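Asks: Next up, run-v1.txt (compact mmCIF, C-alpha atoms).
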# COMPACT_ATOMS: atom_id res chain seq x y z
CA MET A 1 157.85 127.79 118.24
CA ASN A 2 159.75 124.82 116.77
CA TRP A 3 157.68 122.40 118.84
CA ILE A 4 154.50 124.03 117.55
CA LYS A 5 155.87 123.79 114.00
CA LYS A 6 156.57 120.08 114.41
CA GLN A 7 153.24 119.40 116.04
CA ARG A 8 151.16 121.68 113.81
CA LYS A 9 149.37 118.80 112.15
CA HIS A 10 148.20 117.41 115.46
CA LEU A 11 147.76 120.84 117.01
CA ARG A 12 145.13 121.73 114.42
CA LEU A 13 143.28 118.47 114.97
CA TRP A 14 143.27 119.04 118.73
CA VAL A 15 142.00 122.60 118.34
CA GLN A 16 139.23 121.34 116.02
CA VAL A 17 138.21 118.60 118.47
CA LEU A 18 138.37 120.84 121.54
CA PHE A 19 136.45 123.70 119.92
CA THR A 20 133.77 121.33 118.63
CA ALA A 21 133.47 119.78 122.10
CA LEU A 22 133.37 123.19 123.76
CA THR A 23 130.65 124.61 121.50
CA ASN A 24 128.65 121.37 121.67
CA GLY A 25 129.19 120.69 125.34
CA TYR A 26 125.57 120.14 126.43
CA VAL A 27 126.00 116.38 126.79
CA ILE A 28 122.55 115.82 128.36
CA GLY A 29 121.08 116.96 125.04
CA PHE A 30 122.54 113.92 123.29
CA THR A 31 121.48 111.44 125.97
CA GLU A 32 117.94 112.81 126.37
CA GLY A 33 117.27 113.93 122.78
CA LYS A 34 116.66 117.59 123.58
CA ILE A 35 118.44 120.87 122.85
CA TYR A 36 120.08 123.43 125.11
CA ARG A 37 117.91 126.45 125.90
CA GLY A 38 120.08 129.12 127.47
CA THR A 39 121.08 132.73 127.01
CA SER A 40 124.33 131.76 125.25
CA LYS A 41 122.16 130.65 122.31
CA LYS A 42 121.73 134.31 121.37
CA LEU A 43 125.45 134.40 120.49
CA CYS A 44 126.74 133.13 117.15
CA VAL A 45 129.58 130.62 116.98
CA PRO A 46 132.09 131.06 114.14
CA GLY A 47 131.56 127.71 112.38
CA LEU A 48 128.66 125.92 110.68
CA ASN A 49 127.20 124.44 113.85
CA CYS A 50 123.44 123.81 113.79
CA TYR A 51 121.60 125.37 116.75
CA SER A 52 119.35 122.33 116.77
CA CYS A 53 122.33 120.10 117.54
CA PRO A 54 121.50 118.64 120.99
CA GLY A 55 124.88 119.75 122.34
CA ALA A 56 125.03 123.24 120.80
CA ILE A 57 125.45 126.09 123.27
CA GLY A 58 125.59 128.79 120.59
CA SER A 59 123.90 129.59 117.29
CA CYS A 60 124.95 128.89 113.72
CA PRO A 61 125.54 132.22 111.92
CA ILE A 62 123.99 130.94 108.66
CA GLY A 63 120.88 129.61 110.45
CA SER A 64 120.61 132.84 112.47
CA LEU A 65 120.98 135.02 109.38
CA GLN A 66 118.09 133.22 107.67
CA ALA A 67 116.00 133.38 110.87
CA VAL A 68 116.39 137.16 111.16
CA ILE A 69 115.99 138.15 107.50
CA GLY A 70 113.15 135.66 107.15
CA SER A 71 111.22 137.15 110.08
CA LYS A 72 108.54 139.70 109.38
CA ASN A 73 110.21 142.32 111.61
CA TYR A 74 113.57 142.57 109.82
CA LYS A 75 114.84 142.41 106.28
CA PHE A 76 118.50 142.89 107.21
CA SER A 77 120.45 141.49 110.14
CA PHE A 78 122.96 143.90 111.64
CA TYR A 79 123.38 141.49 114.54
CA VAL A 80 124.43 138.36 112.62
CA ILE A 81 126.38 140.23 109.95
CA GLY A 82 128.20 141.96 112.82
CA PHE A 83 129.33 138.57 114.15
CA LEU A 84 130.41 137.49 110.65
CA MET A 85 132.39 140.72 110.23
CA ILE A 86 134.16 140.24 113.56
CA PHE A 87 135.09 136.61 112.91
CA GLY A 88 135.95 137.39 109.29
CA SER A 89 138.10 140.46 109.93
CA LEU A 90 140.00 138.69 112.70
CA MET A 91 140.54 135.29 111.10
CA GLY A 92 138.96 134.88 107.65
CA ARG A 93 138.80 131.21 106.66
CA PHE A 94 140.98 130.22 109.62
CA VAL A 95 137.52 129.45 111.04
CA CYS A 96 137.02 126.76 108.36
CA GLY A 97 140.38 125.14 108.95
CA TRP A 98 140.48 125.24 112.73
CA LEU A 99 137.05 125.88 114.27
CA CYS A 100 134.28 124.38 112.12
CA PRO A 101 132.80 121.04 113.29
CA PHE A 102 131.75 119.97 109.80
CA GLY A 103 135.24 120.78 108.55
CA LEU A 104 136.57 118.43 111.23
CA VAL A 105 134.21 115.65 110.08
CA GLN A 106 135.42 116.03 106.48
CA ASP A 107 139.07 116.15 107.56
CA LEU A 108 138.69 112.90 109.52
CA LEU A 109 136.93 111.14 106.64
CA HIS A 110 139.65 112.17 104.23
CA LYS A 111 142.21 110.43 106.46
CA ILE A 112 140.59 107.05 105.74
CA PRO A 113 143.20 105.03 103.85
CA PHE A 114 142.63 102.58 100.96
CA VAL A 115 140.27 105.04 99.21
CA LYS A 116 141.56 106.56 95.99
CA LYS A 117 142.10 110.28 96.55
CA ILE A 118 140.96 112.60 93.79
CA LYS A 119 143.14 115.69 93.62
CA LYS A 120 141.74 117.18 90.41
CA VAL A 121 137.95 117.38 90.24
CA PRO A 122 136.45 117.96 86.76
CA PHE A 123 135.14 121.53 86.36
CA ASP A 124 136.67 122.37 89.76
CA ARG A 125 137.23 125.99 88.77
CA TYR A 126 133.55 126.51 87.96
CA LEU A 127 132.17 124.40 90.80
CA ARG A 128 133.92 126.70 93.29
CA TYR A 129 131.44 129.44 92.37
CA LEU A 130 128.51 127.26 93.50
CA LYS A 131 128.98 128.32 97.12
CA TYR A 132 128.40 131.97 96.18
CA VAL A 133 125.24 131.01 94.28
CA ILE A 134 124.03 129.06 97.33
CA LEU A 135 124.79 132.03 99.58
CA VAL A 136 122.85 134.47 97.42
CA VAL A 137 119.93 132.19 96.47
CA PHE A 138 119.30 129.89 99.44
CA VAL A 139 120.63 131.95 102.37
CA ILE A 140 119.58 135.46 101.35
CA ALA A 141 117.07 135.67 98.46
CA MET A 142 114.72 132.77 99.22
CA PRO A 143 114.25 133.43 102.99
CA LEU A 144 113.79 137.13 102.18
CA LEU A 145 111.42 136.81 99.23
CA LEU A 146 109.50 133.55 99.63
CA VAL A 147 107.34 134.63 102.52
CA GLY A 148 104.29 132.69 103.67
CA GLU A 149 100.94 134.04 104.90
CA SER A 150 102.40 134.31 108.40
CA GLY A 151 104.94 136.81 107.08
CA TYR A 152 107.88 134.52 107.78
CA GLY A 153 110.32 133.02 105.28
CA SER A 154 111.86 129.57 105.67
CA PRO A 155 115.56 128.90 106.28
CA TRP A 156 115.92 127.37 102.79
CA PHE A 157 119.61 126.51 103.02
CA CYS A 158 119.04 124.65 106.30
CA LYS A 159 115.87 123.06 104.97
CA LEU A 160 117.15 121.79 101.62
CA ILE A 161 120.94 121.56 101.80
CA CYS A 162 122.79 121.87 105.11
CA PRO A 163 124.48 118.50 105.82
CA SER A 164 125.88 119.80 109.11
CA GLY A 165 122.33 120.27 110.44
CA THR A 166 121.40 116.74 109.40
CA LEU A 167 124.49 115.20 110.97
CA LEU A 168 124.74 117.26 114.15
CA GLY A 169 121.05 118.01 114.70
CA GLY A 170 118.70 115.83 112.68
CA ILE A 171 120.14 112.35 113.19
CA PRO A 172 120.84 112.61 116.97
CA LEU A 173 117.41 114.16 117.67
CA VAL A 174 115.45 111.74 115.48
CA ALA A 175 117.34 108.79 117.02
CA LYS A 176 116.16 109.81 120.50
CA ASN A 177 112.62 111.08 119.79
CA PRO A 178 109.83 108.67 118.77
CA GLY A 179 107.66 111.69 117.90
CA LEU A 180 110.24 112.97 115.41
CA GLN A 181 110.72 109.46 114.03
CA ARG A 182 107.02 109.37 113.16
CA ALA A 183 107.28 112.80 111.48
CA ILE A 184 110.13 112.06 109.09
CA GLY A 185 109.33 111.99 105.39
CA PHE A 186 110.73 112.86 101.97
CA LEU A 187 112.62 115.94 103.20
CA PHE A 188 114.54 113.97 105.82
CA GLY A 189 115.41 111.34 103.19
CA TRP A 190 116.58 114.09 100.83
CA LYS A 191 118.79 115.68 103.47
CA VAL A 192 120.24 112.36 104.62
CA SER A 193 121.01 111.55 100.97
CA ILE A 194 122.92 114.83 100.57
CA LEU A 195 124.79 114.11 103.79
CA VAL A 196 125.70 110.55 102.76
CA ILE A 197 126.89 111.68 99.31
CA LEU A 198 129.06 114.38 100.88
CA LEU A 199 130.48 112.02 103.49
CA ILE A 200 131.40 109.47 100.82
CA LEU A 201 132.89 112.21 98.62
CA SER A 202 134.91 113.46 101.60
CA THR A 203 136.83 110.19 101.73
CA MET A 204 138.00 110.83 98.15
CA ILE A 205 138.00 114.61 97.73
CA TYR A 206 139.40 116.95 100.37
CA ARG A 207 136.53 118.95 101.95
CA PRO A 208 134.05 118.90 99.03
CA PHE A 209 131.42 120.79 101.03
CA CYS A 210 133.85 123.59 101.97
CA LYS A 211 135.19 123.87 98.43
CA TYR A 212 131.93 123.88 96.51
CA LEU A 213 128.86 124.39 98.69
CA CYS A 214 129.45 126.15 102.01
CA PRO A 215 127.97 129.68 102.12
CA LEU A 216 129.82 130.42 105.35
CA GLY A 217 133.13 129.56 103.69
CA ALA A 218 132.13 131.88 100.83
CA ILE A 219 131.68 134.76 103.29
CA TYR A 220 134.88 134.13 105.25
CA GLY A 221 136.79 133.65 101.96
CA ILE A 222 136.03 137.24 100.99
CA PHE A 223 137.49 138.33 104.34
CA ASN A 224 140.75 136.42 103.68
CA ARG A 225 141.95 139.45 101.74
CA PHE A 226 141.43 141.79 104.69
CA SER A 227 141.67 139.66 107.84
CA LEU A 228 144.17 140.63 110.49
CA TYR A 229 145.48 137.05 110.64
CA HIS A 230 146.99 136.36 107.22
CA TYR A 231 149.81 134.77 105.25
CA GLU A 232 152.76 136.49 103.65
CA ILE A 233 155.44 135.27 101.27
CA ASP A 234 158.99 136.38 101.87
CA ALA A 235 159.96 137.17 98.27
CA ALA A 236 163.66 137.03 99.12
CA LYS A 237 163.34 133.44 100.32
CA CYS A 238 160.69 132.06 97.92
CA THR A 239 162.18 130.08 95.03
CA LYS A 240 158.73 129.43 93.44
CA CYS A 241 159.43 125.70 93.60
CA GLY A 242 155.67 125.04 93.83
CA LEU A 243 155.88 122.58 96.75
CA CYS A 244 153.35 124.64 98.71
CA ALA A 245 150.82 124.49 95.84
CA LYS A 246 151.43 120.76 95.42
CA LYS A 247 150.79 120.14 99.12
CA CYS A 248 147.68 122.34 99.34
CA ASP A 249 144.54 120.22 99.48
CA MET A 250 142.37 123.27 98.75
CA GLY A 251 144.17 123.84 95.45
CA VAL A 252 145.74 127.20 96.30
CA LYS A 253 148.88 128.44 94.58
CA VAL A 254 150.20 129.78 97.86
CA TYR A 255 153.38 131.37 96.43
CA GLU A 256 151.24 133.44 94.04
CA ASN A 257 148.20 134.15 96.20
CA PRO A 258 148.79 133.45 99.90
CA ASN A 259 145.48 135.06 100.89
CA SER A 260 143.29 133.28 98.35
CA VAL A 261 139.56 133.04 99.07
CA GLU A 262 140.03 129.25 99.13
CA CYS A 263 142.79 129.12 101.77
CA ILE A 264 141.57 127.63 105.06
CA ARG A 265 144.86 128.41 106.88
CA CYS A 266 145.63 124.76 107.65
CA GLY A 267 149.35 125.55 107.53
CA LYS A 268 150.45 122.52 105.49
CA CYS A 269 152.18 124.84 103.00
CA LYS A 270 154.26 126.35 105.79
CA ASP A 271 155.37 122.94 106.97
CA VAL A 272 156.47 121.86 103.52
CA CYS A 273 158.22 125.07 102.39
CA PRO A 274 161.94 124.22 102.14
CA THR A 275 163.10 127.81 102.62
CA GLY A 276 160.61 128.90 105.31
CA ALA A 277 159.28 131.64 103.04
CA ILE A 278 155.65 131.44 104.19
CA HIS A 279 154.82 133.40 107.30
CA SER A 280 151.51 133.75 109.13
CA GLY A 281 150.15 135.99 111.87
CA ILE A 282 148.92 139.53 112.37
CA ARG A 283 152.35 140.90 111.48
CA PRO A 284 153.77 137.71 109.93
CA LYS A 285 157.39 138.58 109.23
CA THR A 286 157.91 139.84 112.75
CA GLY A 287 156.22 136.75 114.14
CA VAL A 288 153.40 138.63 115.89
CA MET B 1 147.74 144.76 100.06
CA ASN B 2 150.51 146.03 102.31
CA ILE B 3 150.52 145.38 106.04
CA LYS B 4 149.45 148.91 107.01
CA LYS B 5 146.49 148.95 104.62
CA ARG B 6 145.47 145.45 105.74
CA SER B 7 145.67 146.39 109.43
CA VAL B 8 143.60 149.52 108.91
CA THR B 9 140.99 147.65 106.82
CA GLY B 10 140.86 144.75 109.29
CA ILE B 11 140.44 147.02 112.31
CA LEU B 12 137.85 149.12 110.46
CA LEU B 13 135.81 146.02 109.58
CA LEU B 14 136.16 144.80 113.15
CA ALA B 15 134.86 148.12 114.47
CA ILE B 16 131.96 148.11 112.00
CA GLY B 17 131.18 144.54 113.12
CA VAL B 18 130.97 145.66 116.75
CA LEU B 19 128.74 148.60 115.80
CA PHE B 20 126.52 146.28 113.74
CA ILE B 21 126.10 143.93 116.71
CA LEU B 22 125.23 146.85 119.01
CA ASN B 23 122.71 148.14 116.46
CA GLY B 24 121.32 144.62 116.13
CA ILE B 25 120.86 144.40 119.90
CA HIS B 26 119.19 147.83 119.85
CA ARG B 27 116.79 146.50 117.19
CA ASN B 28 116.19 143.39 119.33
CA GLU B 29 117.49 141.02 116.65
CA HIS B 30 119.26 138.93 119.30
CA THR B 31 115.85 137.95 120.70
CA THR B 32 114.84 136.59 117.31
CA VAL B 33 118.07 134.55 117.19
CA GLN B 34 117.52 133.24 120.72
CA ASN B 35 113.84 132.42 120.15
CA LYS B 36 114.66 130.52 116.96
CA SER B 37 117.60 128.63 118.47
CA ASN B 38 115.80 127.69 121.68
CA ILE B 39 113.26 125.51 119.89
CA ILE B 40 114.06 122.49 117.74
CA CYS B 41 114.16 123.89 114.20
CA LEU B 42 112.22 121.19 112.34
CA GLU B 43 113.24 122.63 108.96
CA CYS B 44 116.93 122.59 109.92
CA ILE B 45 116.85 118.91 110.87
CA GLY B 46 114.85 117.88 107.81
CA ILE B 47 111.36 117.38 109.29
CA GLY B 48 109.35 120.53 108.56
Show how you would write the structure in this file as structure tokens.

Replies:
Amino acid sequence: MNWIKKQRKHLRLWVQVLFTALTNGYVIGFTEGKIYRGTSKKLCVPGLNCYSCPGAIGSCPIGSLQAVIGSKNYKFSFYVIGFLMIFGSLMGRFVCGWLCPFGLVQDLLHKIPFVKKIKKVPFDRYLRYLKYVILVVFVIAMPLLLVGESGYGSPWFCKLICPSGTLLGGIPLVAKNPGLQRAIGFLFGWKVSILVILLILSTMIYRPFCKYLCPLGAIYGIFNRFSLYHYEIDAAKCTKCGLCAKKCDMGVKVYENPNSVECIRCGKCKDVCPTGAIHSGIRPKTGV
Amino acid sequence: MNIKKRSVTGILLLAIGVLFILNGIHRNEHTTVQNKSNIICLECIGIG
């Protein structure tokens, strides 16, 4: 356990890299500019991983949710919400911290030195609610209500916002397909602009997309309060020194609210706690 | 939330999640997911 404690920082990075590689393991897709078409695509992966990424072997839960509720046959998706409930009740936002490919991209960009890091973003408290607005408006209401003559709604979040889809799906596919290159227009420019802004912001602000915009993070955040994997503070050991809150890049006061909707379970607070008062697990204090 | 309440809630949500997936399969929702994900989603990549 001590070795894991010492190596936690690198352990998380390795898990992120390995999981991203595993769920985007269709290498031929990248070299030939096509996507994987197999039965595993009917299963949802936990993170924001576009199913039009050439390497993707599973489906993005947010894309799938919009596809099902936007189809003329269904107005509610038991299937996709079932996946979200399983991932959420097991892990909550552990998914964001350890398993999401776009989280990994933002983490890596934030490691770039010589860029001034912004810890306090103006209106941070209010901006955090944006992700819930995006979830309700772009992921649920618009695909459900703005239905064309065909009876199908568009995946509006994917279409107008999702930077993960642009980075993992759009750019690799367009780079390899002359047909797609001829088809790009204003929308592609819009999406690339959003991506570029977020990538630049990620070098200065820790995970701006996860904090302010991600609808998947909004869903898993709600589960943080109920998930089997969780954090606990040992009140007998905690001196309320505030080191955990100071170290937290997501701005969580861990000693007050260890299961905050914003906590991505990165574990930095545990590493920095001088008294070892922060425990994590299914039954944290017993180490299970 | 104490550990017992959290465990019960977590397991309950997990069980509901499994039931939801089974109901989704019964309603053939998984086919919609597969059909959508097996073609390049032009909207998702910023073309359509």

Asks: For chain A, which residues have at least one atom within 8 Å of chain B, if we go by all atoms listed in the file? Write them as number ranges by chain, please.

Replies: A: 35-39, 41-43, 50-52, 59, 64, 67-68, 77-86, 89-90, 154-155, 158-160, 162, 165-166, 169-171, 180, 183-185, 187-188, 191, 226-228, 283

Asks: Using all atoms listed in the file, which of the listed residues (A:Ile200, A:Ala218, A:Leu130, A:Ile140) sits closest to Lys117 of chain A?

Replies: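 Closest to Lys117 of chain A of all the choices is A:Ile200.
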
Asks: What does the structure give for the distance between atom CA of Pro143 of chain A and atom CA of Ile219 of chain A, in Å to one decimal?

Replies: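 Rounded to one decimal, the two atoms are 17.5 Å apart.
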
Asks: Using only C-alpha atoms, which of A:Leu168, A:Cys96, A:Ala277, A:Leu146 sits nearest Gly221 of chain A?

Replies: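 Of all the options, A:Cys96 lies closest to Gly221 of chain A.
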
Asks: Distance atom CA of Arg225 of chain A-atom CA of His279 of chain A, one decimal place?

Replies: 15.3 Å

Asks: Can you measure atom CA of Tyr132 of chain A to atom CA of Asn224 of chain A for me? One decimal in Å is fine.

Replies: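 So the answer is 15.1 Å.
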
Asks: May I have the residues within 10 Å of Pro208 of chain A as a list in words, using all atoms listed in the file and disregarding those fewer than 3 positions away in the same chain?

Replies: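 Using all atoms listed in the file, the neighbours found are Gly103, Gln106, Val121, Arg128, Leu198, Leu199, Ile200, Leu201, Ser202, Thr203, Met204, Ile205, Lys211, Tyr212, Leu213, Cys214 and Met250 of chain A.
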
Asks: Determine, counting all atoms listed in the file, which protein, DNA and RNA residues have an atom within 9 Å of an atom of Leu18 of chain A; residues of the same chain fewer than 5 positions away are not included. Present the result as a ChimeraX atom specification.

Replies: /A:13,23,99

Asks: Check the smallest atom-to-atom distance from each of A:Cys241, A:Leu109, A:Val252, A:Cys273 to Val196 of chain A using only C-alpha atoms, then report the winner.

Replies: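 Among the listed residues, the smallest separation from Val196 of chain A belongs to A:Leu109.
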
Asks: So, counting all atoms listed in the file, which residue among A:Tyr220, A:Phe114, A:Tyr126, A:Phe186 is closest to Ser260 of chain A?

Replies: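 Nearest to Ser260 of chain A: A:Tyr220.
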
Asks: Quick one: residues within 6 Å of Phe138 of chain A, only C-alpha atoms counted, chain neighbours fewer than 4 positions away excluded, as a VMD selection string?

Replies: chain A and resid 134 142 156 to 157
